[in-house]
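What's in work.txt: compact mmCIF, C-alpha atoms and all ligand atoms
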```txt
# COMPACT_ATOMS: atom_id res chain seq x y z
CA MET A 3 -3.30 29.75 -5.89
CA SER A 4 0.16 28.59 -6.98
CA ASP A 5 1.14 25.03 -6.14
CA PRO A 6 4.96 25.01 -6.13
CA ARG A 7 6.46 21.57 -6.65
CA LEU A 8 9.76 22.35 -4.99
CA ILE A 9 10.06 22.00 -1.22
CA VAL A 10 13.25 23.30 0.38
CA ALA A 11 14.26 21.34 3.50
CA LEU A 12 15.27 23.86 6.16
CA ASP A 13 17.60 21.55 8.04
CA TYR A 14 19.14 24.21 10.27
CA PRO A 15 20.02 24.07 13.98
CA ASP A 16 18.12 27.25 14.81
CA ALA A 17 15.59 29.78 13.53
CA ARG A 18 18.23 32.31 12.50
CA GLY A 19 19.68 30.29 9.62
CA ALA A 20 16.25 29.11 8.52
CA LEU A 21 14.76 32.61 8.45
CA ALA A 22 17.80 34.00 6.67
CA LEU A 23 17.34 31.52 3.84
CA ALA A 24 13.56 31.87 3.79
CA GLY A 25 14.01 35.62 3.45
CA ARG A 26 15.82 35.06 0.16
CA LEU A 27 13.28 32.61 -1.28
CA ASP A 28 10.01 33.20 -3.09
CA PRO A 29 6.84 31.51 -1.74
CA THR A 30 5.46 31.21 -5.27
CA LEU A 31 8.53 29.19 -6.31
CA CYS A 32 8.89 26.83 -3.34
CA ARG A 33 7.42 25.55 -0.12
CA LEU A 34 9.51 24.99 3.00
CA LYS A 35 10.01 21.85 5.02
CA VAL A 36 10.53 22.04 8.76
CA GLY A 37 11.99 18.81 10.09
CA LYS A 38 12.93 17.38 13.45
CA GLU A 39 16.08 19.41 14.01
CA LEU A 40 14.60 22.84 13.34
CA TYR A 41 11.23 22.12 14.94
CA THR A 42 12.87 20.82 18.11
CA ALA A 43 14.99 23.96 18.30
CA ALA A 44 12.52 26.61 17.18
CA GLY A 45 9.00 25.13 17.48
CA PRO A 46 5.60 26.51 16.47
CA GLY A 47 6.76 30.13 16.56
CA LEU A 48 9.08 29.53 13.65
CA VAL A 49 6.37 27.73 11.68
CA GLU A 50 4.11 30.73 12.21
CA LYS A 51 6.79 33.14 10.97
CA LEU A 52 7.29 31.11 7.80
CA ARG A 53 3.54 31.02 7.24
CA GLN A 54 3.26 34.75 7.73
CA SER A 55 5.91 35.20 5.06
CA GLY A 56 3.55 33.41 2.68
CA PHE A 57 5.18 29.97 2.57
CA GLY A 58 3.36 26.69 2.52
CA VAL A 59 4.99 24.58 5.25
CA PHE A 60 5.57 20.83 5.24
CA LEU A 61 5.95 19.81 8.90
CA ASP A 62 8.12 16.71 8.49
CA LEU A 63 7.99 15.12 11.94
CA LYS A 64 7.38 11.56 10.68
CA TYR A 65 5.14 10.51 13.55
CA HIS A 66 5.56 6.84 14.51
CA ASP A 67 3.90 5.87 17.77
CA ILE A 68 0.73 4.20 19.06
CA PRO A 69 -2.45 5.31 17.24
CA ASN A 70 -3.79 7.48 20.07
CA THR A 71 -0.54 9.41 20.41
CA VAL A 72 -0.14 9.91 16.66
CA ALA A 73 -3.76 11.06 16.35
CA GLY A 74 -3.16 13.70 19.03
CA ALA A 75 0.07 14.83 17.40
CA CYS A 76 -1.68 15.19 14.02
CA ARG A 77 -4.48 17.18 15.60
CA ALA A 78 -1.97 19.52 17.25
CA ALA A 79 -0.01 19.87 13.99
CA SER A 80 -3.15 20.74 12.06
CA GLU A 81 -3.66 23.71 14.41
CA LEU A 82 -0.37 25.16 13.15
CA GLY A 83 -1.89 25.88 9.74
CA VAL A 84 0.68 23.85 7.84
CA TRP A 85 0.25 22.54 4.30
CA MET A 86 1.45 18.97 4.88
CA ILE A 87 2.27 16.65 7.79
CA ASN A 88 3.45 13.05 7.78
CA VAL A 89 3.65 9.76 9.63
CA HIS A 90 5.73 6.61 9.16
CA ALA A 91 3.83 3.98 7.16
CA LEU A 92 5.65 1.35 9.24
CA GLY A 93 3.41 2.44 12.11
CA GLY A 94 0.76 0.33 10.41
CA ARG A 95 -2.90 0.44 9.45
CA ALA A 96 -4.41 1.39 12.82
CA MET A 97 -1.94 4.22 13.32
CA MET A 98 -2.44 5.67 9.82
CA THR A 99 -6.22 5.38 10.09
CA ALA A 100 -6.18 7.17 13.45
CA ALA A 101 -4.06 9.93 11.92
CA ARG A 102 -6.49 10.41 9.05
CA GLU A 103 -9.52 10.37 11.35
CA ALA A 104 -7.91 12.95 13.64
CA LEU A 105 -7.79 15.41 10.73
CA ALA A 106 -11.25 14.69 9.33
CA GLY A 107 -13.57 17.65 9.55
CA HIS A 108 -10.76 20.15 10.10
CA PRO A 109 -11.74 23.19 8.02
CA ASP A 110 -8.28 23.66 6.49
CA ARG A 111 -6.71 20.30 7.09
CA PRO A 112 -3.12 19.66 6.05
CA LYS A 113 -2.32 16.98 3.51
CA LEU A 114 -1.39 13.77 5.30
CA THR A 115 1.40 11.67 3.81
CA ALA A 116 3.29 8.59 4.96
CA VAL A 117 7.02 7.97 4.75
CA THR A 118 7.51 4.58 3.13
CA LEU A 119 11.20 3.88 3.50
CA LEU A 120 13.84 6.49 4.30
CA THR A 121 15.79 7.43 1.19
CA SER A 122 18.99 6.96 3.20
CA MET A 123 18.32 3.23 3.51
CA GLY A 124 19.64 0.69 1.05
CA ALA A 125 19.05 -3.06 0.72
CA ALA A 126 21.67 -3.94 3.38
CA ASP A 127 20.10 -1.57 5.93
CA MET A 128 16.69 -3.09 5.28
CA GLU A 129 17.94 -6.61 5.77
CA GLU A 130 19.56 -5.62 9.05
CA VAL A 131 16.25 -4.39 10.46
CA GLY A 132 14.36 -7.42 9.18
CA LEU A 133 12.65 -5.96 6.11
CA ALA A 134 12.58 -8.66 3.46
CA GLY A 135 12.59 -7.95 -0.27
CA SER A 136 13.86 -5.05 -2.36
CA PRO A 137 13.32 -1.37 -1.48
CA GLN A 138 10.76 -1.20 -4.30
CA GLU A 139 8.76 -4.11 -2.85
CA SER A 140 8.64 -2.57 0.61
CA VAL A 141 7.82 0.89 -0.72
CA THR A 142 5.04 -0.47 -2.94
CA ARG A 143 3.50 -2.48 -0.11
CA LEU A 144 3.60 0.47 2.29
CA ALA A 145 2.23 2.91 -0.30
CA ARG A 146 -0.70 0.61 -1.02
CA LEU A 147 -1.41 0.39 2.69
CA ALA A 148 -1.24 4.18 3.06
CA GLN A 149 -3.65 4.58 0.17
CA ALA A 150 -6.02 2.02 1.67
CA CYS A 151 -5.96 3.98 4.94
CA GLY A 152 -7.15 7.09 3.08
CA LEU A 153 -3.93 9.09 3.24
CA ASP A 154 -3.22 11.76 0.62
CA GLY A 155 0.10 10.38 -0.55
CA VAL A 156 3.51 9.04 0.38
CA VAL A 157 7.10 10.14 0.72
CA CYS A 158 9.30 7.85 -1.36
CA SER A 159 12.54 7.90 -3.28
CA PRO A 160 12.31 9.08 -6.89
CA ARG A 161 13.60 5.63 -7.86
CA GLU A 162 10.35 4.03 -6.69
CA ALA A 163 8.03 6.78 -7.88
CA ALA A 164 7.35 5.42 -11.38
CA GLU A 165 6.01 2.12 -10.07
CA LEU A 166 3.81 3.92 -7.52
CA ARG A 167 2.53 6.32 -10.17
CA ARG A 168 1.41 3.28 -12.15
CA LEU A 169 -0.24 1.55 -9.18
CA CYS A 170 -1.75 4.36 -7.13
CA ARG A 171 -4.64 6.76 -7.70
CA ARG A 172 -3.72 9.73 -9.88
CA ASP A 173 -4.44 12.16 -7.05
CA PHE A 174 -2.33 10.14 -4.57
CA CYS A 175 0.62 12.49 -4.23
CA LEU A 176 4.23 11.39 -4.41
CA VAL A 177 6.73 13.44 -2.45
CA THR A 178 10.35 12.64 -3.23
CA PRO A 179 13.43 13.54 -1.20
CA GLY A 180 16.78 12.12 -2.33
CA ILE A 181 16.98 14.73 -5.09
CA ARG A 182 20.47 15.42 -6.35
CA PRO A 183 21.26 17.62 -9.36
CA ALA A 184 23.85 15.91 -11.58
CA ASP A 185 26.78 17.86 -10.08
CA ALA A 186 25.70 17.65 -6.39
CA ALA A 187 27.22 15.53 -3.60
CA GLN A 188 25.29 12.38 -2.63
CA ASP A 189 25.80 13.02 1.13
CA ASP A 190 24.10 10.33 3.25
CA GLN A 191 21.35 9.63 0.69
CA GLN A 192 21.36 6.31 -1.17
CA ARG A 193 18.29 6.10 -3.44
CA ILE A 194 18.74 9.37 -5.34
CA ALA A 195 17.80 10.89 -8.71
CA THR A 196 18.13 14.22 -10.49
CA PRO A 197 15.22 16.69 -10.46
CA ARG A 198 14.43 15.87 -14.09
CA GLN A 199 14.43 12.10 -13.42
CA ALA A 200 12.15 12.56 -10.39
CA VAL A 201 9.60 14.52 -12.40
CA ALA A 202 9.78 12.03 -15.27
CA SER A 203 9.07 9.25 -12.73
CA GLY A 204 5.83 10.94 -11.68
CA ALA A 205 6.88 12.78 -8.52
CA ASP A 206 4.46 15.58 -7.62
CA TYR A 207 6.67 17.36 -5.09
CA LEU A 208 10.47 17.37 -4.82
CA VAL A 209 12.17 17.83 -1.44
CA ILE A 210 15.60 19.38 -1.73
CA GLY A 211 17.85 20.17 1.20
CA ARG A 212 21.63 20.41 1.07
CA PRO A 213 21.95 20.94 -2.70
CA VAL A 214 20.21 24.28 -2.02
CA THR A 215 20.96 25.13 1.62
CA ARG A 216 24.70 24.39 1.33
CA ALA A 217 25.14 25.91 -2.12
CA PRO A 218 27.34 29.02 -2.29
CA ASP A 219 24.30 30.78 -3.81
CA PRO A 220 21.13 28.96 -2.60
CA LEU A 221 18.81 31.06 -4.72
CA ALA A 222 20.76 30.32 -7.89
CA ALA A 223 20.81 26.60 -7.01
CA LEU A 224 17.04 26.57 -6.51
CA ASN A 225 16.40 28.51 -9.72
CA ALA A 226 18.60 26.07 -11.64
CA ILE A 227 16.47 23.18 -10.32
CA ALA A 228 13.24 25.03 -11.15
CA ASN A 229 14.52 25.59 -14.69
CA GLU A 230 15.57 21.97 -15.03
CA ILE A 231 12.09 20.70 -14.18
CA ALA A 232 10.36 23.40 -16.23
CA GLN A 233 12.15 22.06 -19.28
CA SER A 234 11.29 18.43 -18.61
O1 LIG B 1 19.71 17.48 2.24
P1 LIG B 1 18.78 16.51 1.58
O2 LIG B 1 18.30 16.95 0.21
O3 LIG B 1 19.33 15.10 1.58
O4 LIG B 1 17.48 16.52 2.53
C1 LIG B 1 16.42 15.62 2.37
C2 LIG B 1 15.37 15.94 3.39
O5 LIG B 1 14.28 15.05 3.21
C3 LIG B 1 15.81 15.82 4.83
O6 LIG B 1 15.19 16.89 5.54
C4 LIG B 1 15.26 14.50 5.29
O7 LIG B 1 14.89 14.53 6.64
C5 LIG B 1 14.02 14.34 4.42
N1 LIG B 1 13.60 12.97 4.12
C6 LIG B 1 14.40 12.03 3.51
N2 LIG B 1 13.94 10.76 3.26
C7 LIG B 1 12.69 10.43 3.59
C8 LIG B 1 11.84 11.37 4.20
C9 LIG B 1 12.33 12.66 4.43
O8 LIG B 1 15.53 12.35 3.17
N3 LIG B 1 12.21 9.23 3.30
```
Show this structure as structure tokens.
Amino acid sequence: MSDPRLIVALDYPDARGALALAGRLDPTLCRLKVGKELYTAAGPGLVEKLRQSGFGVFLDLKYHDIPNTVAGACRAASELGVWMINVHALGGRAMMTAAREALAGHPDRPKLTAVTLLTSMGAADMEEVGLAGSPQESVTRLARLAQACGLDGVVCSPREAAELRRLCRRDFCLVTPGIRPADAAQDDQQRIATPRQAVASGADYLVIGRPVTRAPDPLAALNAIANEIAQS
């Protein structure tokens, strides 16, 4: 089975836009990410449609709640047949452990990853919410905790991926948003890198939203990224 490294973030307000883009994409070239906006608007039905079209789906709902609630949410998400789900590592050890245990024994369980630090946050934002140290220090600490809790990987910025690749198990997967081809707008992201830099840093999966979804020709934009990483 193919294991596409590119994940297109379907950040659309409704199913119509998401399905229109999905209809132009190839499930052997990319997976699709359904985040809070689209899932809130379109729900499990949309996830099922994407699955039926052959796409692996990353359900990016970043659960962050008490352990019992997160465990229940993970169990419900695993029933949707998605490829990956995630929690916030800042929810802590008990919450991440409960999430992992909720999926144990599921015949076709999704990969479980933890968001370390949002790629939109810089040093000043961290200080404001009381997180001491550099982004790399926080990300490294949270990734180690996620690994100790038995999760399958983390979501991090490509800027922190190299250090995590060095420190974490080889099969601990690194999922990196904050991807910006050299000519793309930065938007609200802060800790960004090009597709080639992300792969060179050890990222396993690259999440790309607006550089594809807002491109005049999304398919051409995605193919250009696929070519860039194929050559690296
Ligand atoms: O449009 P853009 O490429 O910036 O989209 C990035 C996607 O990755 C968004 O859907 C965002 O929710 C998600 N994400 C992120 N930073 C994280 C985790 C997820 O940007 N740490």
- Query: Which neighbours of Arg53 in chain A fall inside 9 Å, counting all atoms listed in the file, when residues of the same chain fewer than 6 positions from it are skipped, and could you give them as a VMD selection string?
  - Reply: chain A and resid 59 83 to 84
- Message: Using only C-alpha atoms and all ligand atoms, which residues have at least one atom no more than 10 Å from ligand LIG 1 (chain B)? Output them as a VMD selection string.
- Response: chain A and resid 9 to 14 35 to 40 62 to 64 88 to 90 116 to 123 156 to 159 177 to 182 186 to 194 208 to 216
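Interatomic distance, CA of Glu50 in chain A to CA of Ala17 in chain A: 11.6 Å.
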- Query: At what distance in Å, to one decimal, does CA of Asp219 in chain A lie from CA of Ala24 in chain A?
  - Reply: 13.2 Å
- Item | Selection: 12 Å around Gly25 in chain A, all atoms listed in the file, excl. self and same-chain fewer than 2 positions, as a ChimeraX atom specification | /A:17-23,27-29,34,51-52,54-57,220-221
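One finds CA of Pro46 in chain A at 18.3 Å from CA of Leu114 in chain A.
The smallest atom-to-atom distance between Gly94 in chain A and any of A:Cys76, A:Leu144, A:Leu61, A:Ala44, using all atoms listed in the file, is found for A:Leu144.
When all atoms listed in the file are used to measure the gap to Ala145 in chain A, the shortest distance among A:Met97, A:Ala106, A:Arg26, A:Arg171 belongs to A:Arg171.
If you measure from each of A:Ser80, A:Pro15, A:Leu166, A:Leu92 to Tyr65 in chain A using only C-alpha atoms, the closest one turns out to be A:Leu92.
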- Would you mind listing what lies within 12 Å of Arg95 in chain A as a list of chain:residue names, with all atoms listed in the file counted and same-chain residues fewer than 4 positions away left out? A:His66, A:Ile68, A:Pro69, A:Val89, A:His90, A:Ala91, A:Thr99, A:Ala100, A:Ala101, A:Arg102, A:Ala116, A:Arg143, A:Leu144, A:Ala145, A:Arg146, A:Leu147, A:Ala148, A:Gln149, A:Ala150, A:Cys151, A:Gly152, A:Leu153
- 10 Å contact set for Ala78 in chain A, all atoms listed in the file, chain neighbours under 6 positions out, as an NGL selection string: :A and (72 or 104-105)
Would you export the selected residues with C-alpha atoms as a compact mmCIF listing (two decimals), in the coordinates of the input, please?
```txt
# COMPACT_ATOMS: atom_id res chain seq x y z
CA VAL A 72 -0.14 9.91 16.66
CA ALA A 104 -7.91 12.95 13.64
CA LEU A 105 -7.79 15.41 10.73
```
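With distances restricted to only C-alpha atoms, A:Asp206 is the closest residue to Arg7 in chain A from A:Asp206, A:Glu230, A:Asp185, A:Glu129.
Minimum atom-to-atom distance to Ile227 in chain A, evaluated using all atoms listed in the file, belongs to A:Thr196 out of A:Thr196, A:Ser203, A:Thr30, A:Thr71.
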- Taking into account all atoms listed in the file, which residue in the set A:Ala195, A:Ile231, A:Cys175, A:Ala223 is nearest to Met86 in chain A? A:Cys175
